[in-house]
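Participant: For reference, this is data-v4.csv, and it has CSV, C-alpha atoms and all ligand atoms.
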```csv
chain,number,residue,atom,x,y,z
A,76,MET,CA,48.5,134.9,64.7
A,77,GLU,CA,49.8,136.0,61.4
A,78,LEU,CA,51.3,133.4,59.1
A,79,ILE,CA,55.1,133.7,59.5
A,80,THR,CA,57.2,132.4,56.7
A,81,ASN,CA,60.7,133.7,57.5
A,82,VAL,CA,62.8,134.6,60.5
A,83,SER,CA,63.0,138.4,59.7
A,84,GLU,CA,59.2,138.8,60.0
A,85,TYR,CA,59.5,138.4,63.7
A,86,GLU,CA,61.4,141.6,64.0
A,87,ARG,CA,58.6,143.6,62.4
A,88,LEU,CA,56.0,141.9,64.7
A,89,ALA,CA,58.1,142.4,67.8
A,90,LYS,CA,58.5,146.1,67.0
A,91,GLU,CA,54.7,146.4,67.0
A,92,ARG,CA,54.4,144.6,70.4
A,93,LEU,CA,57.4,145.6,72.5
A,94,PRO,CA,57.7,148.9,74.4
A,95,LYS,CA,59.9,151.2,72.1
A,96,MET,CA,62.7,151.3,74.6
A,97,VAL,CA,62.9,147.5,74.8
A,98,TYR,CA,62.7,147.1,71.0
A,99,ASP,CA,65.4,149.7,70.5
A,100,TYR,CA,67.7,148.0,73.0
A,101,TYR,CA,67.3,144.6,71.2
A,102,ALA,CA,67.4,145.8,67.7
A,103,SER,CA,70.1,148.5,67.7
A,104,GLY,CA,73.8,148.5,66.9
A,105,ALA,CA,76.6,150.8,67.9
A,106,GLU,CA,76.9,154.4,66.7
A,107,ASP,CA,76.2,154.7,62.9
A,108,GLN,CA,75.1,151.0,62.8
A,109,TRP,CA,77.3,150.5,59.8
A,110,THR,CA,78.4,147.1,61.0
A,111,LEU,CA,74.8,146.1,61.9
A,112,LYS,CA,73.8,146.6,58.3
A,113,GLU,CA,77.0,145.1,56.9
A,114,ASN,CA,76.5,141.9,59.0
A,115,ARG,CA,73.5,141.2,56.8
A,116,GLU,CA,74.7,142.7,53.5
A,117,ALA,CA,77.9,140.8,53.5
A,118,PHE,CA,75.9,137.5,53.5
A,119,SER,CA,74.0,138.8,50.4
A,120,ARG,CA,77.2,139.3,48.4
A,121,ILE,CA,78.1,135.6,48.8
A,122,LEU,CA,76.7,133.6,45.9
A,123,PHE,CA,76.3,129.9,45.4
A,124,ARG,CA,78.0,127.4,43.0
A,125,PRO,CA,75.4,124.6,43.3
A,126,ARG,CA,76.1,121.1,42.0
A,127,ILE,CA,73.4,119.1,40.2
A,128,LEU,CA,72.3,115.5,39.8
A,129,VAL,CA,73.3,114.4,43.3
A,130,ASP,CA,70.9,112.0,45.1
A,131,VAL,CA,69.7,114.2,48.0
A,132,SER,CA,66.9,112.0,49.2
A,133,HIS,CA,68.5,111.7,52.7
A,134,ILE,CA,70.0,114.8,54.2
A,135,ASP,CA,71.9,114.7,57.5
A,136,MET,CA,72.3,117.9,59.4
A,137,ALA,CA,73.5,116.4,62.8
A,138,THR,CA,76.8,117.5,64.1
A,139,ASN,CA,79.0,117.5,67.2
A,140,VAL,CA,80.1,120.5,69.2
A,141,LEU,CA,82.8,120.0,71.9
A,142,GLY,CA,81.7,116.4,72.2
A,143,PHE,CA,78.0,117.1,72.3
A,144,ASN,CA,75.7,115.8,69.6
A,145,ILE,CA,73.3,118.4,68.3
A,146,SER,CA,70.6,118.1,65.6
A,147,MET,CA,71.8,120.9,63.4
A,148,PRO,CA,74.7,123.4,63.2
A,149,ILE,CA,72.4,126.3,64.4
A,150,MET,CA,72.6,127.3,68.1
A,151,ILE,CA,71.4,130.1,70.3
A,152,ALA,CA,73.7,132.9,71.3
A,153,PRO,CA,73.6,134.6,74.7
A,154,SER,CA,71.4,137.7,74.9
A,155,ALA,CA,70.8,139.6,78.1
A,156,MET,CA,67.5,140.1,79.8
A,157,GLN,CA,65.1,137.9,77.9
A,158,LYS,CA,62.3,138.5,80.4
A,159,MET,CA,61.9,141.9,78.8
A,160,ALA,CA,60.8,140.0,75.7
A,161,HIS,CA,58.6,137.5,77.4
A,162,PRO,CA,57.7,136.6,81.1
A,163,GLU,CA,59.3,133.1,80.7
A,164,GLY,CA,62.5,134.6,79.2
A,165,GLU,CA,65.4,132.2,79.1
A,166,LEU,CA,63.3,129.3,80.3
A,167,ALA,CA,61.2,129.5,77.2
A,168,THR,CA,64.4,129.7,75.1
A,169,ALA,CA,65.9,126.7,76.9
A,170,ARG,CA,62.7,124.6,76.3
A,171,ALA,CA,62.7,125.5,72.6
A,172,ALA,CA,66.4,124.7,72.2
A,173,ALA,CA,66.0,121.4,73.9
A,174,ALA,CA,62.9,120.5,71.7
A,175,ALA,CA,65.0,121.3,68.6
A,176,GLY,CA,67.9,119.2,69.9
A,177,THR,CA,70.3,122.1,69.8
A,178,ALA,CA,72.4,124.1,72.2
A,179,MET,CA,71.6,127.4,73.9
A,180,THR,CA,73.8,129.9,75.7
A,181,LEU,CA,72.9,131.6,78.9
A,182,SER,CA,74.1,135.2,79.1
A,183,SER,CA,76.0,136.4,82.1
A,184,TRP,CA,73.3,139.1,82.3
A,185,ALA,CA,70.4,136.6,82.0
A,186,THR,CA,67.1,137.2,83.8
A,187,SER,CA,67.0,133.5,84.9
A,188,SER,CA,69.6,131.7,86.9
A,189,VAL,CA,71.7,128.7,85.8
A,190,GLU,CA,69.7,126.6,88.3
A,191,GLU,CA,66.3,127.8,86.9
A,192,VAL,CA,67.4,127.1,83.3
A,193,ASN,CA,68.7,123.7,84.2
A,194,SER,CA,65.4,122.9,86.0
A,195,VAL,CA,63.5,122.9,82.7
A,196,GLY,CA,65.1,119.5,81.9
A,197,PRO,CA,68.0,118.1,80.0
A,198,GLY,CA,69.6,120.1,77.2
A,199,ILE,CA,72.9,121.2,75.8
A,200,ARG,CA,73.8,124.5,77.3
A,201,PHE,CA,76.7,126.9,77.3
A,202,PHE,CA,77.1,129.3,80.2
A,203,GLN,CA,78.7,132.6,79.7
A,204,LEU,CA,81.4,133.5,82.3
A,205,TYR,CA,81.8,137.0,81.0
A,206,VAL,CA,81.4,138.7,77.6
A,207,GLY,CA,83.8,136.6,75.5
A,208,PHE,CA,84.0,133.4,77.5
A,209,MET,CA,81.7,130.5,77.7
A,210,THR,CA,81.9,127.1,79.2
A,211,ASN,CA,79.4,124.2,79.2
A,212,ASP,CA,79.1,123.5,82.9
A,213,SER,CA,76.3,124.7,85.1
A,214,GLY,CA,77.4,125.0,88.8
A,215,LEU,CA,80.7,126.6,88.1
A,216,ALA,CA,79.6,129.3,85.7
A,217,SER,CA,77.8,131.4,88.2
A,218,TYR,CA,80.8,131.2,90.6
A,219,VAL,CA,83.2,132.3,87.9
A,220,ALA,CA,80.9,135.1,86.7
A,221,SER,CA,81.2,136.8,90.1
A,222,GLN,CA,85.0,136.6,90.0
A,223,VAL,CA,85.8,138.2,86.7
A,224,ASP,CA,85.4,141.9,85.6
A,225,ARG,CA,86.3,144.3,82.9
A,226,SER,CA,90.1,143.8,83.3
A,227,LEU,CA,89.7,140.4,81.6
A,228,SER,CA,92.7,139.5,79.4
A,229,TRP,CA,94.2,136.6,77.6
A,230,LYS,CA,95.9,135.5,80.9
A,231,ASP,CA,92.4,134.9,82.3
A,232,VAL,CA,91.8,132.2,79.6
A,233,LYS,CA,94.8,130.4,81.1
A,234,TRP,CA,93.6,131.1,84.7
A,235,LEU,CA,90.1,129.7,83.9
A,236,GLN,CA,91.8,126.5,82.9
A,237,THR,CA,93.3,126.1,86.3
A,238,ILE,CA,89.9,126.2,88.0
A,239,THR,CA,88.0,124.1,85.5
A,240,SER,CA,88.7,121.2,83.1
A,241,LEU,CA,85.7,122.3,81.0
A,242,PRO,CA,86.3,123.5,77.4
A,243,ILE,CA,86.4,127.3,77.1
A,244,LEU,CA,85.2,129.0,73.9
A,245,VAL,CA,86.5,132.5,73.2
A,246,LYS,CA,84.0,134.8,71.6
A,247,GLY,CA,84.7,138.0,69.7
A,248,VAL,CA,87.7,136.9,67.6
A,249,VAL,CA,87.8,138.5,64.2
A,250,THR,CA,91.5,138.5,63.3
A,251,ALA,CA,94.3,136.0,62.6
A,252,GLU,CA,96.3,137.6,65.4
A,253,ASP,CA,93.7,136.9,68.0
A,254,THR,CA,93.2,133.4,66.6
A,255,ARG,CA,96.9,132.7,67.2
A,256,LEU,CA,96.5,134.0,70.8
A,257,ALA,CA,93.3,132.0,71.4
A,258,ILE,CA,95.2,128.8,70.4
A,259,GLU,CA,98.3,129.8,72.4
A,260,TYR,CA,96.2,130.4,75.5
A,261,GLY,CA,94.4,127.1,75.2
A,262,ALA,CA,90.9,128.0,74.0
A,263,ALA,CA,88.8,124.9,73.0
A,264,GLY,CA,87.1,126.9,70.3
A,265,ILE,CA,86.5,130.4,68.8
A,266,ILE,CA,83.4,132.3,68.1
A,267,VAL,CA,83.8,134.8,65.3
A,268,SER,CA,81.6,137.6,66.5
A,269,ASN,CA,81.2,141.3,66.7
A,270,HIS,CA,78.6,140.9,69.5
A,271,GLY,CA,75.8,141.6,67.0
A,272,ALA,CA,77.4,144.9,66.0
A,273,ARG,CA,76.7,146.4,69.4
A,274,GLN,CA,80.3,147.2,70.4
A,275,LEU,CA,82.8,148.6,67.9
A,276,ASP,CA,81.2,150.1,64.8
A,277,TYR,CA,83.0,149.8,61.5
A,278,VAL,CA,84.4,146.4,62.2
A,279,PRO,CA,83.8,144.2,59.1
A,280,ALA,CA,80.8,141.8,59.0
A,281,THR,CA,81.6,138.5,60.8
A,282,ILE,CA,81.1,136.5,57.6
A,283,SER,CA,83.8,138.7,56.0
A,284,CYS,CA,86.3,137.8,58.9
A,285,LEU,CA,85.5,134.1,59.0
A,286,GLU,CA,88.0,132.9,56.4
A,287,GLU,CA,90.9,134.8,57.9
A,288,VAL,CA,90.2,133.1,61.3
A,289,VAL,CA,89.6,129.7,59.7
A,290,ARG,CA,92.9,129.8,57.8
A,291,GLU,CA,94.8,130.7,60.9
A,292,ALA,CA,93.1,128.0,63.0
A,293,LYS,CA,94.2,125.4,60.5
A,294,GLY,CA,91.7,122.9,61.9
A,295,ARG,CA,93.4,123.0,65.4
A,296,LEU,CA,90.2,124.1,67.0
A,297,PRO,CA,86.6,124.6,65.8
A,298,VAL,CA,85.5,128.0,64.6
A,299,PHE,CA,81.9,129.2,65.1
A,300,LEU,CA,80.2,132.4,63.8
A,301,ASP,CA,77.4,134.7,64.8
A,302,GLY,CA,76.1,138.0,63.5
A,303,GLY,CA,73.3,138.5,61.0
A,304,VAL,CA,72.3,134.9,60.5
A,305,ARG,CA,68.7,135.0,59.4
A,306,ARG,CA,68.4,132.4,56.6
A,307,GLY,CA,69.3,128.8,56.0
A,308,THR,CA,71.4,130.1,53.1
A,309,ASP,CA,73.4,132.2,55.6
A,310,VAL,CA,74.2,129.1,57.6
A,311,PHE,CA,75.3,127.2,54.5
A,312,LYS,CA,77.6,130.1,53.5
A,313,ALA,CA,79.2,130.2,56.9
A,314,LEU,CA,79.8,126.4,56.8
A,315,ALA,CA,81.2,126.6,53.3
A,316,LEU,CA,83.7,129.2,54.5
A,317,GLY,CA,84.8,126.9,57.3
A,318,ALA,CA,82.5,127.5,60.3
A,319,SER,CA,81.6,124.4,62.4
A,320,GLY,CA,78.3,126.0,63.3
A,321,VAL,CA,76.5,129.3,63.9
A,322,PHE,CA,74.7,131.0,66.7
A,323,ILE,CA,71.6,133.3,66.4
A,324,GLY,CA,70.9,136.3,68.6
A,325,ARG,CA,68.1,138.8,67.8
A,326,PRO,CA,65.8,136.3,66.1
A,327,VAL,CA,65.4,134.5,69.4
A,328,LEU,CA,64.5,137.8,71.2
A,329,PHE,CA,62.1,138.9,68.6
A,330,SER,CA,60.3,135.5,68.3
A,331,LEU,CA,60.2,135.2,72.1
A,332,ALA,CA,58.5,138.6,72.2
A,333,VAL,CA,55.9,137.6,69.6
A,334,ASP,CA,55.1,134.0,70.6
A,335,GLY,CA,57.2,132.8,73.5
A,336,GLU,CA,58.6,129.3,73.4
A,337,ALA,CA,56.5,128.5,70.3
A,338,GLY,CA,58.1,131.5,68.5
A,339,VAL,CA,61.7,130.4,69.2
A,340,ARG,CA,60.8,126.8,68.2
A,341,LYS,CA,59.4,128.2,64.9
A,342,VAL,CA,62.6,130.2,64.2
A,343,LEU,CA,64.8,127.1,64.8
A,344,GLN,CA,62.5,125.0,62.6
A,345,MET,CA,62.4,127.6,59.8
A,346,LEU,CA,66.2,127.9,59.7
A,347,ARG,CA,66.5,124.1,59.8
A,348,ASP,CA,64.1,123.7,56.9
A,349,GLU,CA,65.9,126.4,54.9
A,350,LEU,CA,69.3,124.9,55.5
A,351,GLU,CA,68.0,121.5,54.5
A,352,LEU,CA,66.6,122.9,51.2
A,353,THR,CA,69.8,124.8,50.5
A,354,MET,CA,71.8,121.6,51.0
A,355,ALA,CA,69.5,119.7,48.7
A,356,LEU,CA,69.6,122.4,46.0
A,357,SER,CA,73.4,122.6,46.3
A,358,GLY,CA,73.9,118.8,46.1
A,359,CYS,CA,75.1,118.2,49.7
A,360,THR,CA,73.7,115.4,51.8
A,361,SER,CA,75.8,116.0,54.9
A,362,LEU,CA,77.6,119.0,56.5
A,363,ARG,CA,80.9,117.5,55.5
A,364,GLU,CA,80.0,117.8,51.9
A,365,ILE,CA,79.5,121.6,52.1
A,366,THR,CA,82.8,122.9,50.8
A,367,ARG,CA,84.5,126.2,49.9
A,368,SER,CA,83.8,125.5,46.2
A,369,HIS,CA,80.1,125.8,46.9
A,370,VAL,CA,80.3,129.5,47.3
A,371,ILE,CA,81.9,132.6,45.6
A,372,THR,CA,82.8,135.6,47.6
A,373,ASP,CA,84.0,139.2,47.0
A,374,SER,CA,87.6,138.1,47.3
A,375,ASP,CA,87.2,135.4,44.7
A,376,ARG,CA,86.0,138.1,42.3
A,377,ILE,CA,89.2,140.2,42.5
A,378,PRO,CA,91.1,139.7,39.3
A,379,ARG,CA,94.3,137.8,39.7
A,380,SER,CA,96.3,140.6,38.2
A,381,ARG,CA,95.4,142.8,41.2
A,382,LEU,CA,96.5,140.3,43.8
B,1,LIG,C1,69.9,142.5,73.2
B,1,LIG,C2,71.1,141.8,73.1
B,1,LIG,C3,71.8,141.4,74.2
B,1,LIG,C4,73.0,140.7,74.1
B,1,LIG,N1,73.6,140.3,75.2
B,1,LIG,C5,74.8,139.6,75.1
B,1,LIG,C6,75.4,139.1,76.3
B,1,LIG,O1,74.9,139.3,77.4
B,1,LIG,N2,76.6,138.4,76.1
B,1,LIG,C7,77.1,138.2,74.9
B,1,LIG,O2,78.2,137.6,74.8
B,1,LIG,N3,76.5,138.6,73.8
B,1,LIG,C8,75.4,139.3,73.9
B,1,LIG,N4,74.7,139.7,72.7
B,1,LIG,C9,75.3,139.3,71.4
B,1,LIG,C10,74.8,137.9,71.0
B,1,LIG,O3,75.2,136.9,71.8
B,1,LIG,C11,75.3,137.6,69.6
B,1,LIG,O4,76.7,137.7,69.5
B,1,LIG,C12,74.6,138.5,68.5
B,1,LIG,O5,73.4,139.0,68.9
B,1,LIG,C13,74.6,137.8,67.2
B,1,LIG,O6,74.1,138.6,66.2
B,1,LIG,P1,72.6,138.6,65.7
B,1,LIG,O7,71.8,139.3,66.7
B,1,LIG,O8,72.7,139.4,64.4
B,1,LIG,O9,72.2,137.2,65.4
B,1,LIG,C14,73.5,140.4,72.8
B,1,LIG,C15,72.8,140.7,71.7
B,1,LIG,C16,71.6,141.4,71.8
B,1,LIG,C17,70.9,141.7,70.5
```
Just give me the structure as structure tokens.
Ligand SMILES: Cc1cc2nc3c(=O)[nH]c(=O)nc-3n(C[C@H](O)[C@H](O)[C@H](O)COP(=O)(O)O)c2cc1C
Facilitator:
Amino acid sequence: MELITNVSEYERLAKERLPKMVYDYYASGAEDQWTLKENREAFSRILFRPRILVDVSHIDMATNVLGFNISMPIMIAPSAMQKMAHPEGELATARAAAAAGTAMTLSSWATSSVEEVNSVGPGIRFFQLYVGFMTNDSGLASYVASQVDRSLSWKDVKWLQTITSLPILVKGVVTAEDTRLAIEYGAAGIIVSNHGARQLDYVPATISCLEEVVREAKGRLPVFLDGGVRRGTDVFKALALGASGVFIGRPVLFSLAVDGEAGVRKVLQMLRDELELTMALSGCTSLREITRSHVITDSDRIPRSRL
């Protein structure tokens, strides 16, 4: 096995190993793939304003999501059909997430059932009811998945609350308008996501939409982000712009394809190590200490006279 030193290397290795059709299904984005590229590039335009001479000998990355303690603010997004990447599919992902002490999400198009995934042992798991909605219960999720279809609307967020007391996260919010609606319809949290740039091309990168959503949310509900997170520095940037945590998608599929459970464990460990280093070099000892003033974005660079 080649020595792997960063998350993106798994994509290259997965490309060599996977049937072309499977690789293309995992890797591609919609149409011109502008948003796919932008999800990464927008991160690279955000720069740091590090602080020095802070005692960073102890760094705490633990956090709490909807009442669940997790070891770090990095979780696993739902992605369909993981058995095309590795025979153990979602079960390997569940084991790796549990070992890392973080949460995973089971896609509504998973190749393992809720019961199978739960049988690997305890772990923090979100279950997707349909693209856009997730809850954190097991038994109910499969029931609800069979009830909802493409006519899903905001009213269904309310309806879901009549059949479960579990918190519902709404995924795919990228505007202030939808943030307002998510709050109005009782969402417990929001995931800023463009579904890995696989749906509408030419939507902005998720990291570029994050502040608009965070500003509108005003702390009334937690805001998470996914899309293009490949480095610990990306995680730090998302937290600095107000995210409560991030989810990763393709890195899980690619590392699963290359090395199964061990690959996914390694991805989580590398991101954890990189986030820890970024915090140390920025002068932050806990997630709370990561603030907006630790980064500079495109919008900060627009001269005041033009605003
Ligand atoms: C092959 C593939 C399948 C996916 N399937 C689902 C899915 O079933 N449900 C869903 O909400 N999101 C799905 N997603 C989107 C991911 O949950 C996540 O939003 C996205 O991959 C994050 O971006 P990243 O891959 O750049 O990390 C899928 C993504 C990929 C790459």
Participant: What residues have any atom no more than 6 Å from ligand LIG 1 (chain B) when counting all atoms listed in the file, and can you list them as JSON, numbers by chain?
Facilitator: {"A": [100, 101, 152, 153, 154, 155, 182, 183, 184, 206, 207, 268, 270, 271, 301, 302, 303, 304, 323, 324, 325]}
Participant: Report, in Å to a single decimal, how far apart CA of Arg305 (chain A) and CA of Ala105 (chain A) are.
Facilitator: 19.6 Å
Participant: Rank A:Ala318, A:Leu296, A:Val327, A:Leu93 by their smallest atom-to-atom distance to Leu346 (chain A), using all atoms listed in the file, and report the top residue only.
Facilitator: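 The shortest atom-to-atom distance to Leu346 (chain A) comes from A:Val327.
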Participant: Would you work out the distance separating CA of Asp375 (chain A) from CA of Gly358 (chain A), expressed in Å to one decimal?
Facilitator: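 Taking CA of Asp375 (chain A) and CA of Gly358 (chain A), their separation equals 21.3 Å.
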Participant: Just to confirm, what's the straight-line distance from CA of Ile365 (chain A) to CA of Arg347 (chain A) in Å (one decimal)?
Facilitator: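 Between these atoms lies a distance of 15.3 Å.
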Participant: Looking at all atoms listed in the file, which of A:Ser119, A:Ser368, A:Ser361, A:Thr239 is the one that sits closest to His133 (chain A)?
Facilitator: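 Smallest separation from His133 (chain A) among the options: A:Ser361.
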Participant: Hey, which of A:Asp373, A:Glu259, A:Asp276, A:Asp135 ends up closest to Met354 (chain A)? Count all atoms listed in the file.
Facilitator: A:Asp135
Participant: Write out as a list in words the residues lying within 8 Å of Arg120 (chain A), counting all atoms listed in the file and excluding same-chain residues fewer than 3 positions away.
Facilitator: Glu116, Ala117, Thr372 and Asp373 of chain A
Participant: Skip region 208-212 of chain A itself and residues of its chain fewer than 6 positions away, then list as a ChimeraX atom specification all residues within 8 Å of it, counting all atoms listed in the file.
Facilitator: /A:199-202,241-246
